[in-house]
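Novice: Have a look at this one.
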Amino acid sequence: MKTYTAAVARSKGAGAHAALAQTGLRGAMTALTMGLSALVLLAAMALPGRAASREELENFLQITGFDVALESIKLSAAGGPQMLGLEGSDFATTWTILTKDVFDVKTMQDMGIDILEGTIKEDDLKVAQGFYGSDLGKRLVETENTSHMAERDDRAENAAAELDRILNEGETDRIAELDRLNRAVDSSDNSEKAIVEIQFRFLTAARDAGVIEFKVDDEALKQSLLTQAEAMRDANKAQALANSAYTYRDFTTEELATYAKALEDPGMQRVYDLMNAVQYEIMANRFEAVAARLHGIQPAQDL
């Protein structure tokens, strides 16, 4: 059985933090409050007005590309063994088999609709659909869908190169609009806490399943993860900027400004708060589910 200490949380968690950070909605992460269930947060977001129907939400997922954003959650599963300190050959086959089942795309999309059905309101839904249904919106969704499912290693190198190009050519206006985009989809600037919540829920679920042991209590573990996340804040923001530079490389700076303005609309902000909260609740839920199914399986044991 793997023994997990605060030091391990720091060394193993850094790579896992980066892996999770690359799977976020629209290339940025936001919305889960430390120590607060995402479902409680979602319930608090419910506003007066008619709730969207399930049919409307299915259409919403396709128009906005949120269906692909939810599908991309499955890519985060690869970071599980690293978060547990069991990367490499340790129970690799077991992990792969379990995650293919637990991170089932249809299941995650249905979960997303189930949560949104009781929270998102028709007026806000129309705001998002109106923009993403436009010519520019459709192009953006197609580009973002491709970005969500791209190979992470190749993307990181290409993103860094594109950001270097923009900086070297002195395109300060473009940098400003890219930064504006990232701030618009991460208005709470609280992404580190969202990642910590996912990691913490997964690690404690793995402990409860008997896969790992802790030499620290829950409070110390969470604080260790939070400290590590805060230390990576600047690096993550720089990576998010590079990712955006690469993702939107075929759009003009004027188009990026139009997009940023649309994202800053209060209705769109509420939609993004909901979508981000939904995405991270599903991610945390699926990691907890796969951890529970590891009960009785030793790290070196395959199914």
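By convention here, the chains of the structure tokens are called A, B, ... in the order presented, each chain's residues are numbered starting at 1, and ligands are numbered starting at 1 in the order presented.
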Quick check for you: according to DSSP on this backbone, which residues of range 168-197 of chain A are classed as helix (DSSP H, G or I)? Reply as a ChimeraX atom specification.
Specialist: /A:168,172-184,191-197
Novice: For each of A:Ala229, A:Leu241, A:Ala161, A:Leu75, take the minimum atom-to-atom distance to Met149 in chain A, counting only C-alpha atoms, then give the residue where this is smallest.
Specialist: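 Comparing A:Ala229, A:Leu241, A:Ala161, A:Leu75 against Met149 in chain A, the winner is A:Leu75.
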Novice: Looking at only C-alpha atoms, which of A:Gln239, A:Ile198, A:Leu203, A:Asp265 is the one that sits closest to Asn285 in chain A?
Specialist: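 Using only C-alpha atoms, the shortest distance to Asn285 in chain A belongs to A:Ile198.
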Novice: Go through A:Asp234, A:Glu142, A:Glu213, A:Asp186 and flag the residue nearest Tyr272 in chain A, using only C-alpha atoms for the distances.
Specialist: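 For Tyr272 in chain A, the nearest of the candidates is A:Asp186.
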Novice: May I ask for the distance between CA of Asn236 in chain A and CA of Ile195 in chain A, given in Å to one decimal place?
Specialist: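 So the two atoms, CA of Asn236 in chain A and CA of Ile195 in chain A, lie 11.7 Å apart.
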Novice: Of the candidates A:Ile297, A:Val290, A:Val278, A:Ala240, which one gets nearest to Arg155 in chain A if we count only C-alpha atoms?
Specialist: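 The answer is A:Ala240, which sits nearest to Arg155 in chain A.
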Novice: Using only C-alpha atoms, which of the listed residues (A:Thr143, A:Ser191, A:Asn182, A:Asn168) sits closest to Tyr248 in chain A?
Specialist: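 The answer is A:Thr143, which sits nearest to Tyr248 in chain A.
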Novice: Residues within 8 Å of Thr64 in chain A, please, as JSON, numbers by chain. Count only C-alpha atoms; anything in the same chain fewer than 6 positions from it doesn't count.
Specialist: {"A": [128, 129, 132, 133, 141]}
Novice: Please produce an output containing N, CA, C and O atoms for each residue in the selection, written as an mmCIF file, in the first residue's frame.
Specialist:
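Dumped to again27.cif:
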data_model
loop_
_atom_site.group_PDB
_atom_site.id
_atom_site.type_symbol
_atom_site.label_atom_id
_atom_site.label_comp_id
_atom_site.auth_asym_id
_atom_site.auth_seq_id
_atom_site.Cartn_x
_atom_site.Cartn_y
_atom_site.Cartn_z
ATOM 1 N N ALA A 128 -26.002 33.015 -24.433
ATOM 2 C CA ALA A 128 -24.888 32.193 -24.896
ATOM 3 C C ALA A 128 -25.152 31.634 -26.288
ATOM 4 O O ALA A 128 -24.268 31.663 -27.161
ATOM 5 N N GLN A 129 -26.351 31.137 -26.508
ATOM 6 C CA GLN A 129 -26.676 30.575 -27.810
ATOM 7 C C GLN A 129 -26.654 31.637 -28.899
ATOM 8 O O GLN A 129 -26.257 31.365 -30.037
ATOM 9 N N TYR A 132 -22.803 32.206 -29.681
ATOM 10 C CA TYR A 132 -22.149 31.041 -30.277
ATOM 11 C C TYR A 132 -22.857 30.540 -31.535
ATOM 12 O O TYR A 132 -22.296 29.751 -32.286
ATOM 13 N N GLY A 133 -24.058 31.027 -31.767
ATOM 14 C CA GLY A 133 -24.753 30.691 -32.999
ATOM 15 C C GLY A 133 -24.425 31.640 -34.139
ATOM 16 O O GLY A 133 -24.815 31.393 -35.288
ATOM 17 N N VAL A 141 -16.274 28.020 -31.648
ATOM 18 C CA VAL A 141 -16.621 26.713 -31.085
ATOM 19 C C VAL A 141 -15.865 25.602 -31.797
ATOM 20 O O VAL A 141 -15.318 24.688 -31.164
#
